[in-house]
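To be precise, the following lines are target_27.txt, and they hold compact mmCIF, C-alpha atoms.
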# COMPACT_ATOMS: atom_id res chain seq x y z
CA MET A 1035 21.32 -11.08 5.63
CA ASP A 1036 21.80 -7.52 4.32
CA LEU A 1037 18.74 -6.47 2.33
CA GLY A 1038 19.66 -2.81 2.02
CA ARG A 1039 19.26 -0.33 -0.81
CA ARG A 1040 22.77 -0.98 -2.15
CA ASP A 1041 22.01 -4.68 -2.65
CA LEU A 1042 18.73 -3.94 -4.40
CA LEU A 1043 20.46 -1.55 -6.79
CA LEU A 1044 23.14 -4.14 -7.49
CA SER A 1045 20.38 -6.66 -8.16
CA ALA A 1046 18.75 -4.36 -10.70
CA ALA A 1047 22.09 -3.80 -12.41
CA ALA A 1048 22.69 -7.54 -12.60
CA VAL A 1049 19.35 -8.10 -14.29
CA VAL A 1050 20.05 -5.42 -16.88
CA ALA A 1051 23.51 -6.86 -17.53
CA GLY A 1052 22.24 -10.42 -17.92
CA SER A 1053 18.84 -10.11 -19.55
CA SER A 1054 16.35 -12.94 -19.17
CA THR A 1055 15.97 -15.95 -21.42
CA ILE A 1056 12.67 -14.58 -22.67
CA ALA A 1057 14.30 -11.32 -23.74
CA ARG A 1058 16.86 -13.33 -25.72
CA GLY A 1059 14.14 -14.73 -27.90
CA ALA A 1060 13.00 -18.06 -26.41
CA THR A 1061 9.37 -16.96 -26.50
CA ASP A 1062 7.55 -20.16 -27.44
CA ARG A 1063 8.62 -22.69 -24.86
CA PRO A 1064 6.83 -23.22 -21.52
CA LEU A 1065 8.54 -21.16 -18.84
CA GLY A 1066 10.81 -23.03 -16.45
CA TYR A 1067 10.21 -23.15 -12.71
CA ALA A 1068 12.78 -23.95 -10.04
CA ILE A 1069 11.09 -25.44 -6.98
CA VAL A 1070 12.84 -24.34 -3.78
CA GLY A 1071 12.06 -26.81 -1.03
CA LEU A 1072 11.27 -30.47 -1.63
CA GLY A 1073 8.99 -30.97 1.36
CA THR A 1074 5.43 -32.25 1.35
CA TYR A 1075 4.02 -29.34 -0.64
CA GLY A 1076 6.80 -28.64 -3.12
CA LEU A 1077 7.50 -32.28 -3.93
CA GLY A 1078 4.16 -33.92 -3.29
CA VAL A 1079 1.76 -31.26 -4.56
CA ILE A 1080 3.39 -28.71 -6.86
CA ILE A 1081 5.87 -30.76 -8.90
CA PRO A 1082 3.25 -33.30 -10.09
CA GLN A 1083 1.09 -30.42 -11.32
CA PHE A 1084 3.43 -29.50 -14.15
CA ALA A 1085 1.90 -32.42 -16.03
CA ASN A 1086 -1.32 -30.38 -16.08
CA CYS A 1087 0.29 -27.13 -17.21
CA THR A 1088 0.32 -25.57 -20.67
CA HIS A 1089 2.70 -22.65 -20.16
CA SER A 1090 4.94 -23.98 -17.37
CA ARG A 1091 7.41 -26.78 -16.78
CA LEU A 1092 9.78 -28.01 -14.10
CA ALA A 1093 13.31 -26.78 -14.82
CA ALA A 1094 15.26 -27.11 -11.56
CA VAL A 1095 15.07 -28.22 -7.94
CA VAL A 1096 16.63 -26.71 -4.83
CA SER A 1097 17.00 -28.66 -1.60
CA GLY A 1098 19.17 -29.11 1.44
CA ASP A 1099 19.05 -32.86 0.81
CA ALA A 1100 21.41 -33.52 -2.08
CA ALA A 1101 20.41 -37.15 -2.55
CA LYS A 1102 16.71 -36.27 -2.67
CA ALA A 1103 17.32 -33.41 -5.10
CA LYS A 1104 19.30 -35.62 -7.48
CA ARG A 1105 16.68 -38.36 -7.29
CA VAL A 1106 13.81 -35.96 -8.05
CA ALA A 1107 15.77 -34.38 -10.91
CA ALA A 1108 16.49 -37.78 -12.43
CA GLU A 1109 12.84 -38.81 -12.13
CA HIS A 1110 11.84 -35.74 -14.12
CA GLY A 1111 14.59 -35.85 -16.70
CA LEU A 1112 16.49 -32.81 -15.43
CA PRO A 1113 20.26 -32.55 -15.96
CA ASP A 1114 22.67 -32.37 -13.03
CA ARG A 1115 23.17 -28.64 -13.64
CA SER A 1116 19.53 -28.10 -12.65
CA VAL A 1117 20.10 -29.36 -9.10
CA TYR A 1118 20.96 -26.76 -6.46
CA SER A 1119 21.62 -26.67 -2.74
CA TYR A 1120 20.74 -23.68 -0.60
CA ALA A 1121 24.43 -22.75 -0.64
CA THR A 1122 24.67 -22.83 -4.45
CA PHE A 1123 21.24 -21.29 -5.08
CA ASP A 1124 22.59 -17.92 -6.23
CA SER A 1125 24.27 -19.55 -9.24
CA ILE A 1126 20.78 -20.16 -10.62
CA ARG A 1127 21.26 -16.79 -12.33
CA ASP A 1128 23.41 -18.64 -14.87
CA ASN A 1129 20.74 -21.20 -15.77
CA PRO A 1130 18.76 -19.94 -18.78
CA ASP A 1131 16.21 -22.75 -18.37
CA VAL A 1132 14.93 -21.19 -15.13
CA ASP A 1133 12.57 -18.24 -15.54
CA ILE A 1134 10.64 -18.45 -12.25
CA VAL A 1135 11.56 -19.54 -8.74
CA TYR A 1136 8.78 -21.03 -6.59
CA VAL A 1137 9.59 -20.65 -2.88
CA CYS A 1138 8.05 -23.58 -0.96
CA LEU A 1139 9.95 -23.14 2.30
CA PRO A 1140 9.01 -22.44 5.93
CA ASN A 1141 7.51 -18.97 6.29
CA SER A 1142 10.53 -17.34 7.90
CA MET A 1143 12.67 -18.26 4.88
CA HIS A 1144 10.43 -16.64 2.28
CA VAL A 1145 12.05 -13.22 2.40
CA GLU A 1146 15.60 -14.52 1.95
CA TYR A 1147 14.89 -16.72 -1.05
CA THR A 1148 12.58 -14.24 -2.72
CA VAL A 1149 15.27 -11.56 -2.52
CA ARG A 1150 18.00 -13.95 -3.68
CA ALA A 1151 15.85 -15.10 -6.60
CA ALA A 1152 15.16 -11.50 -7.65
CA ARG A 1153 18.88 -10.68 -7.45
CA ALA A 1154 19.51 -13.67 -9.70
CA GLY A 1155 17.14 -12.16 -12.27
CA LYS A 1156 14.30 -14.64 -11.74
CA HIS A 1157 10.59 -14.01 -11.30
CA VAL A 1158 9.13 -15.32 -8.05
CA MET A 1159 6.15 -17.34 -6.89
CA CYS A 1160 6.12 -17.44 -3.09
CA GLU A 1161 3.93 -19.62 -0.95
CA LYS A 1162 1.52 -18.09 1.53
CA PRO A 1163 1.72 -16.51 4.01
CA MET A 1164 4.03 -14.20 2.10
CA ALA A 1165 6.35 -13.69 5.09
CA VAL A 1166 6.26 -13.39 8.87
CA SER A 1167 6.02 -9.59 9.11
CA VAL A 1168 4.87 -6.54 7.22
CA ALA A 1169 8.46 -5.34 6.95
CA GLU A 1170 9.55 -8.59 5.28
CA CYS A 1171 6.71 -8.33 2.75
CA GLU A 1172 7.77 -4.80 1.90
CA THR A 1173 11.37 -5.96 1.45
CA MET A 1174 10.28 -8.70 -0.96
CA ILE A 1175 8.19 -6.30 -3.03
CA ALA A 1176 11.03 -3.77 -3.17
CA ALA A 1177 13.57 -6.41 -4.22
CA CYS A 1178 11.41 -7.67 -7.10
CA LYS A 1179 10.59 -4.16 -8.26
CA ALA A 1180 14.27 -3.16 -8.18
CA ALA A 1181 15.11 -6.22 -10.26
CA GLY A 1182 12.21 -5.73 -12.67
CA ARG A 1183 10.81 -9.16 -11.80
CA LYS A 1184 7.24 -10.36 -11.15
CA LEU A 1185 6.22 -11.42 -7.64
CA MET A 1186 3.14 -13.58 -7.12
CA ILE A 1187 1.83 -15.24 -3.94
CA GLY A 1188 0.53 -18.82 -4.06
CA TYR A 1189 -3.14 -18.10 -3.36
CA ARG A 1190 -4.41 -21.16 -5.18
CA CYS A 1191 -8.09 -20.55 -4.33
CA HIS A 1192 -8.13 -17.65 -6.79
CA PHE A 1193 -7.86 -20.37 -9.46
CA GLU A 1194 -10.22 -22.90 -7.85
CA PRO A 1195 -13.58 -23.26 -9.67
CA PHE A 1196 -15.88 -23.35 -6.61
CA ASN A 1197 -14.31 -20.29 -5.03
CA LEU A 1198 -14.34 -18.43 -8.34
CA GLU A 1199 -18.02 -19.18 -8.88
CA ALA A 1200 -18.95 -18.36 -5.28
CA THR A 1201 -17.21 -15.00 -5.62
CA ARG A 1202 -18.96 -14.33 -8.93
CA LEU A 1203 -22.35 -15.17 -7.43
CA ALA A 1204 -21.70 -12.99 -4.38
CA ARG A 1205 -20.58 -10.04 -6.49
CA SER A 1206 -23.55 -10.45 -8.88
CA GLY A 1207 -26.04 -10.15 -6.04
CA ALA A 1208 -27.25 -13.75 -6.05
CA ALA A 1209 -27.65 -13.56 -2.26
CA GLY A 1210 -28.67 -9.93 -2.21
CA LYS A 1211 -26.84 -7.37 -0.13
CA ILE A 1212 -24.05 -9.09 1.77
CA ARG A 1213 -24.56 -8.90 5.53
CA TYR A 1214 -22.40 -11.64 7.02
CA VAL A 1215 -19.60 -14.04 6.08
CA ARG A 1216 -18.51 -16.98 8.21
CA SER A 1217 -15.14 -18.50 7.31
CA GLU A 1218 -13.57 -21.31 9.35
CA HIS A 1219 -10.48 -23.35 8.51
CA GLY A 1220 -8.48 -25.82 10.54
CA PHE A 1221 -7.21 -29.33 11.01
CA VAL A 1222 -5.71 -31.41 13.79
CA GLN A 1223 -1.96 -30.79 13.83
CA ARG A 1224 -0.84 -33.89 15.69
CA ASP A 1225 2.96 -33.87 15.54
CA PRO A 1226 4.53 -31.34 17.96
CA SER A 1227 7.85 -31.50 16.09
CA VAL A 1228 6.65 -30.05 12.76
CA TRP A 1229 8.06 -26.70 11.67
CA ARG A 1230 4.63 -25.10 11.60
CA LEU A 1231 4.54 -25.30 15.40
CA LYS A 1232 7.91 -23.54 15.77
CA ARG A 1233 7.57 -19.77 16.03
CA ALA A 1234 11.03 -19.09 14.55
CA LEU A 1235 10.06 -20.92 11.35
CA ALA A 1236 6.32 -20.33 11.06
CA GLY A 1237 5.97 -16.88 12.63
CA GLY A 1238 2.80 -18.02 14.39
CA GLY A 1239 0.37 -20.90 14.60
CA SER A 1240 -2.93 -21.68 12.90
CA LEU A 1241 -3.47 -18.07 11.81
CA MET A 1242 -0.28 -18.19 9.71
CA ASP A 1243 -1.45 -21.39 8.04
CA MET A 1244 -5.18 -22.11 7.89
CA GLY A 1245 -6.13 -18.58 8.90
CA ILE A 1246 -4.97 -17.33 5.51
CA TYR A 1247 -7.89 -19.19 3.89
CA SER A 1248 -10.40 -17.72 6.33
CA LEU A 1249 -9.09 -14.20 5.85
CA GLN A 1250 -8.85 -14.45 2.07
CA ALA A 1251 -12.38 -15.84 1.72
CA ALA A 1252 -13.83 -13.00 3.78
CA ARG A 1253 -12.08 -10.49 1.54
CA TYR A 1254 -12.81 -11.97 -1.87
CA MET A 1255 -16.40 -12.95 -1.06
CA THR A 1256 -17.29 -9.43 0.07
CA GLY A 1257 -15.06 -7.64 -2.42
CA GLU A 1258 -14.18 -5.18 0.33
CA GLU A 1259 -11.24 -4.36 2.56
CA PRO A 1260 -11.91 -4.50 6.31
CA THR A 1261 -11.88 -1.32 8.38
CA ALA A 1262 -11.51 -2.90 11.83
CA VAL A 1263 -10.75 -6.21 13.51
CA THR A 1264 -11.50 -7.67 16.93
CA ALA A 1265 -9.82 -10.97 17.87
CA ARG A 1266 -9.29 -13.40 20.69
CA GLU A 1267 -7.18 -16.52 21.13
CA SER A 1268 -7.79 -19.85 22.86
CA THR A 1269 -4.70 -22.01 23.37
CA ASP A 1270 -3.93 -24.70 25.94
CA ARG A 1271 -0.27 -23.98 26.72
CA ARG A 1272 -0.02 -27.29 28.59
CA ASP A 1273 -0.38 -29.07 25.25
CA PRO A 1274 3.14 -29.83 23.90
CA ARG A 1275 2.00 -28.76 20.42
CA PHE A 1276 1.28 -25.22 21.51
CA THR A 1277 4.19 -24.14 23.66
CA GLU A 1278 5.26 -21.59 21.02
CA VAL A 1279 2.28 -20.80 18.78
CA GLU A 1280 -1.48 -20.37 19.00
CA ASP A 1281 -4.09 -23.06 18.47
CA ILE A 1282 -7.50 -21.40 18.01
CA ILE A 1283 -7.83 -17.78 17.06
CA GLU A 1284 -11.07 -16.11 16.04
CA TRP A 1285 -11.66 -12.64 14.72
CA THR A 1286 -14.41 -10.37 13.49
CA LEU A 1287 -13.86 -8.08 10.51
CA GLU A 1288 -15.92 -4.96 9.87
CA PHE A 1289 -16.38 -3.76 6.29
CA PRO A 1290 -17.32 -0.34 4.85
CA SER A 1291 -20.72 -1.60 3.63
CA GLY A 1292 -21.71 -2.63 7.13
CA ALA A 1293 -21.13 -6.33 6.47
CA ILE A 1294 -19.17 -8.28 9.05
CA ALA A 1295 -17.14 -11.49 8.84
CA GLY A 1296 -16.61 -13.99 11.63
CA CYS A 1297 -13.45 -16.01 11.02
CA GLN A 1298 -11.57 -18.79 12.77
CA SER A 1299 -8.41 -20.81 12.37
CA MET A 1300 -7.44 -23.82 14.48
CA TYR A 1301 -4.93 -26.63 14.86
CA SER A 1302 -7.04 -28.85 17.13
CA ALA A 1303 -10.21 -29.41 15.08
CA ASN A 1304 -11.14 -30.14 11.48
CA GLN A 1305 -13.09 -27.46 9.66
CA ASN A 1306 -13.25 -26.16 6.09
CA HIS A 1307 -16.29 -23.96 5.64
CA VAL A 1308 -17.35 -20.63 4.10
CA LEU A 1309 -20.88 -19.23 4.44
CA LEU A 1310 -22.11 -15.94 2.99
CA MET A 1311 -25.46 -14.55 4.11
CA GLY A 1312 -27.27 -11.82 2.20
CA ASP A 1313 -30.66 -10.21 2.57
CA GLN A 1314 -32.00 -12.42 -0.23
CA GLY A 1315 -30.16 -15.70 0.21
CA ARG A 1316 -26.98 -17.55 1.06
CA ILE A 1317 -23.93 -19.06 -0.59
CA GLU A 1318 -22.24 -21.91 1.23
CA LEU A 1319 -19.10 -23.93 0.52
CA GLU A 1320 -18.24 -27.06 2.52
CA PRO A 1321 -15.59 -28.18 2.07
CA ALA A 1322 -14.57 -24.85 0.68
CA THR A 1323 -10.86 -24.76 -0.06
CA ARG A 1324 -9.53 -28.28 -0.26
CA TYR A 1325 -7.28 -29.48 -3.05
CA ASP A 1326 -10.32 -31.26 -4.51
CA GLY A 1327 -13.78 -32.44 -3.51
CA ASN A 1328 -15.25 -29.02 -2.72
CA HIS A 1329 -19.03 -28.44 -2.74
CA MET A 1330 -21.27 -25.39 -2.96
CA TRP A 1331 -24.93 -24.54 -2.40
CA LEU A 1332 -27.01 -21.48 -3.27
CA GLY A 1333 -30.06 -20.73 -1.15
CA GLN A 1334 -32.77 -18.43 -2.53
CA ASP A 1335 -36.48 -18.04 -1.68
CA GLY A 1336 -36.30 -20.74 0.96
CA ARG A 1337 -34.87 -23.30 -1.44
CA GLU A 1338 -31.36 -24.65 -1.82
CA ARG A 1339 -29.63 -26.11 -4.83
CA GLU A 1340 -26.17 -27.49 -5.23
CA ILE A 1341 -24.02 -25.56 -7.68
CA MET A 1342 -21.51 -27.12 -10.05
CA PRO A 1343 -19.18 -24.37 -11.26
CA PRO A 1344 -17.76 -24.03 -14.76
CA PRO A 1345 -14.15 -25.15 -15.21
CA GLY A 1346 -11.44 -22.94 -13.81
CA PRO A 1347 -8.61 -21.33 -15.77
CA GLY A 1348 -6.48 -24.49 -15.65
CA LYS A 1349 -6.92 -28.25 -15.55
CA THR A 1350 -6.45 -27.89 -11.78
CA GLN A 1351 -6.24 -24.91 -9.46
CA PHE A 1352 -2.49 -25.50 -9.13
CA ALA A 1353 -1.92 -25.61 -12.88
CA GLY A 1354 -3.99 -22.47 -13.27
CA GLN A 1355 -1.83 -20.74 -10.69
CA LEU A 1356 1.47 -21.85 -12.22
CA ASP A 1357 0.41 -20.94 -15.75
CA HIS A 1358 -0.99 -17.57 -14.67
CA LEU A 1359 2.40 -16.31 -13.54
CA ALA A 1360 4.03 -17.66 -16.69
CA GLN A 1361 1.47 -15.80 -18.80
CA CYS A 1362 2.01 -12.61 -16.77
CA VAL A 1363 5.75 -12.88 -17.39
CA ARG A 1364 5.05 -13.22 -21.12
CA SER A 1365 2.56 -10.36 -21.31
CA GLY A 1366 3.93 -8.00 -18.70
CA ALA A 1367 0.60 -8.06 -16.81
CA GLU A 1368 0.49 -7.90 -13.03
CA PRO A 1369 -0.49 -11.19 -11.33
CA ILE A 1370 -3.98 -11.14 -9.84
CA VAL A 1371 -2.44 -12.16 -6.50
CA SER A 1372 0.67 -10.03 -6.44
CA GLY A 1373 3.04 -9.24 -3.62
CA GLU A 1374 0.81 -6.32 -2.69
CA GLU A 1375 -2.01 -8.80 -2.04
CA GLY A 1376 0.23 -10.75 0.32
CA LEU A 1377 1.20 -7.53 2.06
CA ARG A 1378 -2.46 -6.60 2.57
CA ASP A 1379 -3.08 -9.94 4.28
CA MET A 1380 0.00 -9.58 6.47
CA ARG A 1381 -1.10 -6.15 7.67
CA ILE A 1382 -4.46 -7.60 8.70
CA ILE A 1383 -2.79 -10.62 10.33
CA ALA A 1384 -0.57 -8.30 12.37
CA ALA A 1385 -3.69 -6.45 13.51
CA ILE A 1386 -5.43 -9.74 14.42
CA TYR A 1387 -2.51 -10.75 16.64
CA ARG A 1388 -2.39 -7.30 18.18
CA SER A 1389 -6.12 -7.29 18.90
CA ALA A 1390 -5.96 -10.70 20.56
CA ARG A 1391 -2.93 -9.66 22.59
CA GLU A 1392 -4.32 -6.30 23.72
CA GLY A 1393 -7.96 -7.31 24.04
CA ARG A 1394 -9.37 -4.48 21.94
CA THR A 1395 -10.57 -3.57 18.47
CA ILE A 1396 -7.86 -2.47 16.05
CA ARG A 1397 -8.76 0.00 13.33
CA LEU A 1398 -7.44 -0.74 9.85
CA ASP A 1399 -8.61 2.44 8.15
CA GLY A 1400 -6.42 4.93 9.99
CA ARG A 1401 -9.22 6.16 12.23
CA ALA A 1402 -8.63 6.35 15.97
Entire entry expressed as structure tokens:
Amino acid sequence: MDLGRRDLLLSAAAVVAGSSTIARGATDRPLGYAIVGLGTYGLGVIIPQFANCTHSRLAAVVSGDAAKAKRVAAEHGLPDRSVYSYATFDSIRDNPDVDIVYVCLPNSMHVEYTVRAARAGKHVMCEKPMAVSVAECETMIAACKAAGRKLMIGYRCHFEPFNLEATRLARSGAAGKIRYVRSEHGFVQRDPSVWRLKRALAGGGSLMDMGIYSLQAARYMTGEEPTAVTARESTDRRDPRFTEVEDIIEWTLEFPSGAIAGCQSMYSANQNHVLLMGDQGRIELEPATRYDGNHMWLGQDGREREIMPPPGPGKTQFAGQLDHLAQCVRSGAEPIVSGEEGLRDMRIIAAIYRSAREGRTIRLDGRA
């Protein structure tokens, strides 16, 4: 697919020529999302969440399975013109009901559908990880900027009450000066045929899936950007699940304050845990980043108490995420988890893989 400068300029021209629905005056209705990919996440998780949204609604579906797409559209009262295949996706530019495209596809397909959505004049929500390389992330950002469209990455934990409150407590000094963060995420990936175990589709193994949660938690709990990373991998290549991608990968992040983070991702064990240690206490979440059922404790002066956070910005973390982008489109504000945030993660992920491969510490701050 040609993603060159000429195409980006043509995309920008197309947006100017066919201004968005919002610009034409439909400013009161909830903004319409097209869900691209009717797999487990898009169909089973995201689409039901529109019932919890205030500023967002389902407006279209895109799938390679025509029968499924028509069935889902009918179940949600969408007209036939709101059903697209991957081949007809570009004609979504002519659908004024669609303001935002949510890309819920395998990782290697994110760049293509983000760029195509931007060319069609639509804002974009893209699932994490943003892409499979730094270069692809940069292409996605450039395409959306050229088209004058918003780009947000689906970092749902930035809208999840326990993670929001844990971050607030950490930043307010509830545990004192932060010295150490432990962040571990994984589950048992049992089916060797799933796309997440295929390098061409996923771009990697557990790091490109559960590792995103570990990395993100280390960054938002400390409020710092890492300066160096040291990583190692442990994978049984005799296991048919791991002929192409990694199983366990662990890494240590160094931060400017002197704090360190020990992180893990895995596809052969169940873990969902974040622990922050300071010189005056601790903040612990377990489970930390599930869809629901998370728990948190604050330890101070040798005593622990369970914390119940205030409500998040939406009825659910997913609704908060969906509505946030809609509100940013309305106001012109930059999403709190923009494409640049996804790019920052991908740069660190690339360094983690490089460190594990080369067996050495990789600097992230430009120092030798």
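A distance cut-off of 10 Å around (-26.2, -15.9, 1.1), counting all atoms listed in the file, selects these protein and nucleic acid residues: Ala1200, Leu1203, Ala1204, Gly1207, Ala1208, Ala1209, Gly1210, Lys1211, Ile1212, Arg1213, Tyr1214, Val1215, Leu1309, Leu1310, Met1311, Gly1312, Asp1313, Gln1314, Gly1315, Arg1316, Ile1317, Glu1318, Trp1331, Leu1332, Gly1333 and Gln1334 of chain A.
Using only C-alpha atoms, the nearest neighbour of Tyr1325 of chain A within the list A:Pro1163, A:Pro1195, A:Pro1343, A:Gly1111 is A:Pro1195.
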### Message
Which residues are close to Leu1398 of chain A, i.e. within 8 Å by all atoms listed in the file, leaving aside same-chain residues fewer than 3 positions away? Reply as a VMD selection string.
### Response
chain A and resid 1260 to 1263 1382 1385 1401
### Task
Do a neighbour search on Gly1245 of chain A at 12 Å with only C-alpha atoms, toss out local chain neighbours closer than 6 positions, and write the hits as a PyMOL selection string.
chain A and resi 1162-1163+1217-1221+1238-1239+1251-1252+1280-1285+1296-1301+1305-1307+1323+1379-1380+1382-1383+1386-1387
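Relative to atom CA of Thr1264 of chain A, atom CA of Arg1388 of chain A is found at 9.2 Å.
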### Query
How many Å separate atom CA of Glu1320 of chain A from atom CA of Val1308 of chain A?
6.7 Å
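Straight-line separation from atom CA of Val1095 of chain A to atom CA of Val1117 of chain A: 5.3 Å.
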### Message
Which residues are close to Ile1134 of chain A, i.e. within 12 Å by only C-alpha atoms, leaving aside same-chain residues fewer than 3 positions away? Reply as a ChimeraX atom specification.
### Response
/A:1054-1056,1064-1070,1089-1095,1126-1127,1129-1131,1137,1148,1151-1152,1154-1160,1178,1183-1186,1356-1364
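Here the question is which of A:Leu1377, A:Leu1139, A:Met1255, A:Cys1191 gets nearest to Thr1074 of chain A using all atoms listed in the file, and that residue is A:Leu1139.
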### Query
Taking only C-alpha atoms into account, which of A:Ser1389, A:Gln1351, A:Thr1122, A:Thr1173 comes nearest Phe1196 of chain A?
A:Gln1351
#### Entry: Close residues, Tyr1189 of chain A itself excluded, 10 Å, all atoms listed in the file, min 6 positions apart in chain, as a PyMOL selection string
chain A and resi 1159-1164+1246-1247+1250+1351-1352+1355+1370-1372+1375-1376
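Shortest separation to Glu1170 of chain A among A:Pro1226, A:Gly1373, A:Pro1274, A:Gly1188 occurs at residue A:Gly1373, atoms counted being only C-alpha atoms.
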Grab all the atoms of segment 1118-1127 of chain A that the file lists, wrap them in a box along x, y and z, add 6 Å per side, and give me centre plus edge lengths in Å (one decimal) as AutoDock Vina command-line options.
--center_x 22.7 --center_y -21.8 --center_z -6.5 --size_x 15.9 --size_y 22.0 --size_z 23.7
### Query
Near Val1222 of chain A, within 7 Å and counting all atoms listed in the file, which residues show up once chain neighbours fewer than 3 positions away are dropped, as a PyMOL selection string?
chain A and resi 1301-1304
